[in-house]
file upload-v3.cif (mmCIF, C-alpha atoms and all ligand atoms)
data_protein
#
loop_
_atom_site.label_atom_id
_atom_site.label_comp_id
_atom_site.auth_asym_id
_atom_site.auth_seq_id
_atom_site.Cartn_x
_atom_site.Cartn_y
_atom_site.Cartn_z
CA MET A 1 80.02 82.55 106.55
CA SER A 2 78.65 84.49 103.63
CA ASN A 3 79.36 88.18 103.21
CA VAL A 4 77.10 89.51 100.48
CA GLU A 5 77.78 93.18 99.77
CA GLN A 6 76.83 95.83 97.25
CA THR A 7 79.32 98.15 95.59
CA LEU A 8 79.20 100.87 92.98
CA SER A 9 80.88 100.57 89.62
CA ILE A 10 81.09 103.34 87.05
CA ILE A 11 81.96 102.65 83.46
CA LYS A 12 83.79 105.87 82.62
CA PRO A 13 83.43 107.97 79.42
CA ASP A 14 86.40 106.39 77.61
CA ALA A 15 84.89 102.92 77.91
CA VAL A 16 81.28 103.93 77.16
CA GLU A 17 82.51 105.78 74.08
CA ARG A 18 84.31 102.66 72.84
CA ASN A 19 81.17 100.53 73.37
CA LEU A 20 82.80 98.42 76.07
CA THR A 21 79.83 98.47 78.44
CA GLU A 22 78.56 94.99 77.58
CA GLU A 23 82.03 93.43 77.66
CA ILE A 24 82.69 94.90 81.09
CA LYS A 25 79.29 93.76 82.39
CA ILE A 26 80.12 90.21 81.20
CA ILE A 27 83.36 90.31 83.25
CA PHE A 28 81.37 91.24 86.37
CA LYS A 29 78.87 88.43 85.80
CA LYS A 30 81.62 85.86 85.14
CA ASN A 31 83.05 86.81 88.54
CA ASN A 32 79.70 86.25 90.25
CA LEU A 33 78.92 89.93 90.65
CA GLN A 34 75.26 90.42 89.85
CA ILE A 35 74.01 93.64 88.27
CA LYS A 36 71.22 94.81 90.58
CA ASN A 37 70.62 98.15 88.88
CA HIS A 38 72.27 100.19 86.16
CA LYS A 39 71.71 103.37 84.17
CA LYS A 40 73.45 105.44 81.56
CA ILE A 41 73.71 109.09 82.55
CA HIS A 42 75.66 112.22 81.70
CA ILE A 43 76.56 114.13 84.87
CA THR A 44 77.50 117.79 85.22
CA LYS A 45 80.92 118.94 86.36
CA GLU A 46 79.32 120.03 89.65
CA GLU A 47 77.96 116.52 90.23
CA ALA A 48 81.35 115.02 89.41
CA ALA A 49 82.97 117.43 91.88
CA GLU A 50 80.53 116.32 94.57
CA PHE A 51 81.08 112.64 93.79
CA TYR A 52 84.89 112.93 93.86
CA LYS A 53 85.08 115.48 96.70
CA ILE A 54 87.40 113.21 98.74
CA HIS A 55 89.99 114.12 96.10
CA GLN A 56 89.41 117.88 96.22
CA SER A 57 92.89 118.65 97.52
CA LYS A 58 94.64 116.58 94.83
CA PRO A 59 96.37 118.26 91.89
CA PHE A 60 94.36 116.17 89.42
CA TYR A 61 90.93 117.01 90.95
CA ASN A 62 89.85 119.54 88.31
CA ASP A 63 90.85 117.28 85.41
CA LEU A 64 89.15 114.33 87.08
CA CYS A 65 85.86 116.23 87.41
CA ASN A 66 86.06 117.52 83.84
CA TYR A 67 86.72 113.99 82.65
CA LEU A 68 83.90 112.22 84.51
CA SER A 69 81.45 114.81 83.17
CA SER A 70 82.86 114.77 79.62
CA GLY A 71 80.48 112.14 78.24
CA PRO A 72 77.97 109.45 79.17
CA ILE A 73 78.83 107.03 81.97
CA VAL A 74 77.11 103.86 83.15
CA VAL A 75 76.56 103.56 86.90
CA ILE A 76 76.02 100.04 88.19
CA ILE A 77 75.09 98.49 91.53
CA LEU A 78 76.99 95.21 91.83
CA GLU A 79 76.04 92.59 94.40
CA GLY A 80 77.87 89.48 95.51
CA GLU A 81 80.17 87.80 97.98
CA ASP A 82 82.84 90.32 99.12
CA ALA A 83 81.70 92.59 96.29
CA VAL A 84 83.74 95.66 97.28
CA LEU A 85 87.12 93.92 97.34
CA LYS A 86 86.25 91.58 94.49
CA ASN A 87 85.35 94.48 92.21
CA ARG A 88 88.61 96.27 93.10
CA LYS A 89 90.55 93.12 92.14
CA ILE A 90 88.69 92.73 88.86
CA MET A 91 89.33 96.41 88.03
CA GLY A 92 93.09 96.32 88.63
CA ALA A 93 95.46 99.11 89.67
CA THR A 94 94.55 102.77 89.09
CA ASP A 95 97.23 103.14 86.41
CA PRO A 96 96.55 100.61 83.61
CA ASN A 97 100.33 100.26 83.16
CA ASN A 98 100.51 98.73 86.63
CA ALA A 99 97.33 96.67 86.42
CA ALA A 100 97.52 92.86 86.59
CA GLU A 101 96.81 90.71 83.56
CA ASN A 102 93.13 90.24 82.67
CA THR A 103 91.92 93.07 84.88
CA ILE A 104 89.51 95.55 83.30
CA ARG A 105 92.04 98.37 83.45
CA LYS A 106 94.78 96.20 81.90
CA LEU A 107 92.44 95.06 79.14
CA TYR A 108 90.77 98.39 78.36
CA GLY A 109 92.37 101.30 80.26
CA ILE A 110 94.14 103.93 78.18
CA SER A 111 95.89 105.98 80.86
CA ILE A 112 95.73 106.83 84.58
CA ASP A 113 92.85 109.22 83.94
CA LYS A 114 91.10 107.28 81.18
CA ASN A 115 91.14 104.08 83.19
CA SER A 116 87.69 102.82 82.11
CA VAL A 117 86.11 102.06 85.49
CA HIS A 118 85.56 103.34 89.00
CA GLY A 119 84.88 101.11 91.97
CA SER A 120 84.03 101.93 95.58
CA ASP A 121 87.06 101.42 97.83
CA SER A 122 85.23 100.45 101.05
CA LEU A 123 81.82 99.22 102.17
CA GLU A 124 81.13 102.59 103.78
CA ASN A 125 81.96 104.48 100.57
CA ALA A 126 79.98 101.93 98.54
CA LYS A 127 76.85 102.80 100.52
CA LYS A 128 77.44 106.53 100.05
CA GLU A 129 78.18 106.18 96.35
CA ILE A 130 75.15 103.96 95.67
CA GLY A 131 73.02 106.53 97.51
CA PHE A 132 74.53 109.29 95.38
CA PHE A 133 73.28 107.77 92.12
CA PHE A 134 70.32 105.65 93.18
CA ASN A 135 67.54 106.64 95.56
CA ASN A 136 67.10 103.33 97.35
P1 LIG B 201 88.49 105.18 91.22
O1 LIG B 201 88.20 106.00 92.46
O2 LIG B 201 88.17 105.92 89.93
O3 LIG B 201 87.90 103.82 91.28
P2 LIG B 201 91.06 104.45 92.26
O4 LIG B 201 90.32 104.25 93.53
O5 LIG B 201 91.85 103.34 91.70
O6 LIG B 201 90.07 104.95 91.12
P3 LIG B 201 91.84 107.03 93.28
O7 LIG B 201 93.08 107.25 94.02
O8 LIG B 201 90.55 106.98 94.03
O9 LIG B 201 92.01 105.71 92.39
O10 LIG B 201 91.76 108.16 92.17
C1 LIG B 201 90.52 108.50 91.54
C2 LIG B 201 90.77 108.71 90.06
O11 LIG B 201 91.62 109.84 89.91
C3 LIG B 201 91.52 107.57 89.37
O12 LIG B 201 90.67 106.59 88.84
C4 LIG B 201 92.27 108.26 88.28
O13 LIG B 201 91.49 108.37 87.11
C5 LIG B 201 92.51 109.64 88.83
N1 LIG B 201 93.89 109.73 89.33
C6 LIG B 201 94.41 109.16 90.44
N2 LIG B 201 95.71 109.44 90.59
C7 LIG B 201 96.02 110.24 89.55
C8 LIG B 201 97.21 110.90 89.10
N3 LIG B 201 98.35 110.79 89.79
N4 LIG B 201 97.13 111.64 87.97
C9 LIG B 201 96.00 111.76 87.27
N5 LIG B 201 94.83 111.18 87.63
C10 LIG B 201 94.85 110.43 88.73
MG MG B 202 88.99 105.67 94.37
#
call {"tool": "encode", "arguments": {"input": "upload-v3.cif", "output": "structure tokens"}}
result
Amino acid sequence: MSNVEQTLSIIKPDAVERNLTEEIKIIFKKNNLQIKNHKKIHITKEEAAEFYKIHQSKPFYNDLCNYLSSGPIVVIILEGEDAVLKNRKIMGATDPNNAAENTIRKLYGISIDKNSVHGSDSLENAKKEIGFFFNN
């Protein structure tokens, strides 16, 4: 049975700055994740705080919000079979040092904070996160 889903990807400031957007998009497409919508934006710290509010009690929350608002990002709606889980696999572990070979974070991530991409971690959060950036 098919299970087509949508998920949200964010290409974070470190990757946009290094002009990795197209290379990362190619990785999604190679893995049968279609780009349904995308835009380059620069969010405020307040918007980042709202987006990452599930992490508000974490010690790294303030740095995380400063970072996501530090430069342009590219927000992308990905669609495909098991898109949420598939995107998480393609991204690799949060810390690039622990990420599997050929994952985006292994290939391009610099550190646990500058880890190049965000991906929704559940279908429910994917819907919320897509709604946060796209009015559809
Ligand atoms: P993302 O939500 O960005 O896709 P993730 O789901 O792999 O990443 P989370 O646990 O949701 O990881 O953490 C959100 C972000 O917070 C991470 O991408 C990372 O940049 C940052 N982060 C997580 N843990 C730490 C930590 N221990 N120290 C510093 N930053 C961290
Ligand atoms: Mg997360």
call {"tool": "residues_around", "arguments": {"input": "upload-v3.cif", "residues": "range 33-45 of chain A", "least_positions_apart": "6", "cutoff": "12 Å", "atoms": "only C-alpha atoms", "output": "ChimeraX atom specification"}}
result
/A:4-13,16-17,21-22,24-27,51-53,61-88,90,130,132-136
call {"tool": "residues_near_ligand", "arguments": {"input": "upload-v3.cif", "ligand": "ligand MG 202 (chain B)", "cutoff": "8 Å", "atoms": "only C-alpha atoms and all ligand atoms", "output": "PyMOL selection string"}}
result
chain A and resi 118-121
call {"tool": "atom_distance", "arguments": {"input": "upload-v3.cif", "atom1": "CA of Glu101 in chain A", "atom2": "atom O7 of ligand LIG 201 (chain B)"}}
result
19.9 Å
call {"tool": "atom_distance", "arguments": {"input": "upload-v3.cif", "atom1": "CA of Thr103 in chain A", "atom2": "CA of Ile54 in chain A"}}
result
24.9 Å
call {"tool": "atom_distance", "arguments": {"input": "upload-v3.cif", "atom1": "CA of Asn97 in chain A", "atom2": "CA of Ser122 in chain A"}}
result
23.4 Å
call {"tool": "residues_around", "arguments": {"input": "upload-v3.cif", "residues": "Pro96 in chain A", "least_positions_apart": "4", "cutoff": "8 Å", "atoms": "only C-alpha atoms", "output": "ChimeraX atom specification"}}
result
/A:92,105-106,109-112,115
call {"tool": "closest_residue", "arguments": {"input": "upload-v3.cif", "among": "A:Arg18, A:Lys29, A:Lys58, A:Lys127", "to": "ligand LIG 201 (chain B)", "atoms": "all atoms listed in the file"}}
result
A:Lys58
call {"tool": "closest_residue", "arguments": {"input": "upload-v3.cif", "among": "A:Glu129, A:Glu23, A:Glu47, A:Glu124", "to": "Ile104 in chain A", "atoms": "only C-alpha atoms"}}
result
A:Glu23
call {"tool": "closest_residue", "arguments": {"input": "upload-v3.cif", "among": "A:Leu20, A:Ala48, A:Ala93, A:Met1", "to": "ligand LIG 201 (chain B)", "atoms": "only C-alpha atoms and all ligand atoms"}}
result
A:Ala93
call {"tool": "closest_residue", "arguments": {"input": "upload-v3.cif", "among": "A:Leu123, A:Leu107, A:Met91, A:Ala100", "to": "ligand LIG 201 (chain B)", "atoms": "all atoms listed in the file"}}
result
A:Met91
call {"tool": "decode", "arguments": {"input": "upload-v3.cif", "residues": "range 57-91 of chain A", "atoms": "C-alpha atoms", "output": "CSV table (one decimal), in the first residue's frame"}}
result
chain,number,residue,atom,x,y,z
A,57,SER,CA,13.5,24.2,27.9
A,58,LYS,CA,16.7,23.0,26.4
A,59,PRO,CA,20.0,24.7,27.3
A,60,PHE,CA,20.8,25.3,23.6
A,61,TYR,CA,17.4,27.0,22.8
A,62,ASN,CA,18.7,30.5,22.7
A,63,ASP,CA,21.7,29.7,20.5
A,64,LEU,CA,19.5,27.6,18.2
A,65,CYS,CA,17.1,30.5,17.7
A,66,ASN,CA,19.9,32.9,17.1
A,67,TYR,CA,21.4,30.5,14.6
A,68,LEU,CA,18.3,29.8,12.5
A,69,SER,CA,17.7,33.6,12.2
A,70,SER,CA,21.3,34.4,11.5
A,71,GLY,CA,21.0,34.3,7.7
A,72,PRO,CA,18.9,33.1,4.8
A,73,ILE,CA,17.3,29.7,4.9
A,74,VAL,CA,15.5,27.7,2.3
A,75,VAL,CA,12.2,26.0,3.4
A,76,ILE,CA,11.0,23.1,1.3
A,77,ILE,CA,7.9,21.0,1.2
A,78,LEU,CA,9.0,17.5,0.2
A,79,GLU,CA,6.5,14.8,-1.0
A,80,GLY,CA,7.0,11.1,-1.5
A,81,GLU,CA,6.6,7.6,-0.2
A,82,ASP,CA,7.2,7.6,3.6
A,83,ALA,CA,8.6,11.2,3.2
A,84,VAL,CA,9.0,12.0,7.0
A,85,LEU,CA,11.1,8.9,7.8
A,86,LYS,CA,12.9,8.9,4.5
A,87,ASN,CA,14.0,12.5,4.9
A,88,ARG,CA,15.2,11.8,8.4
A,89,LYS,CA,17.3,8.9,7.1
A,90,ILE,CA,18.8,11.0,4.2
A,91,MET,CA,19.6,13.8,6.7
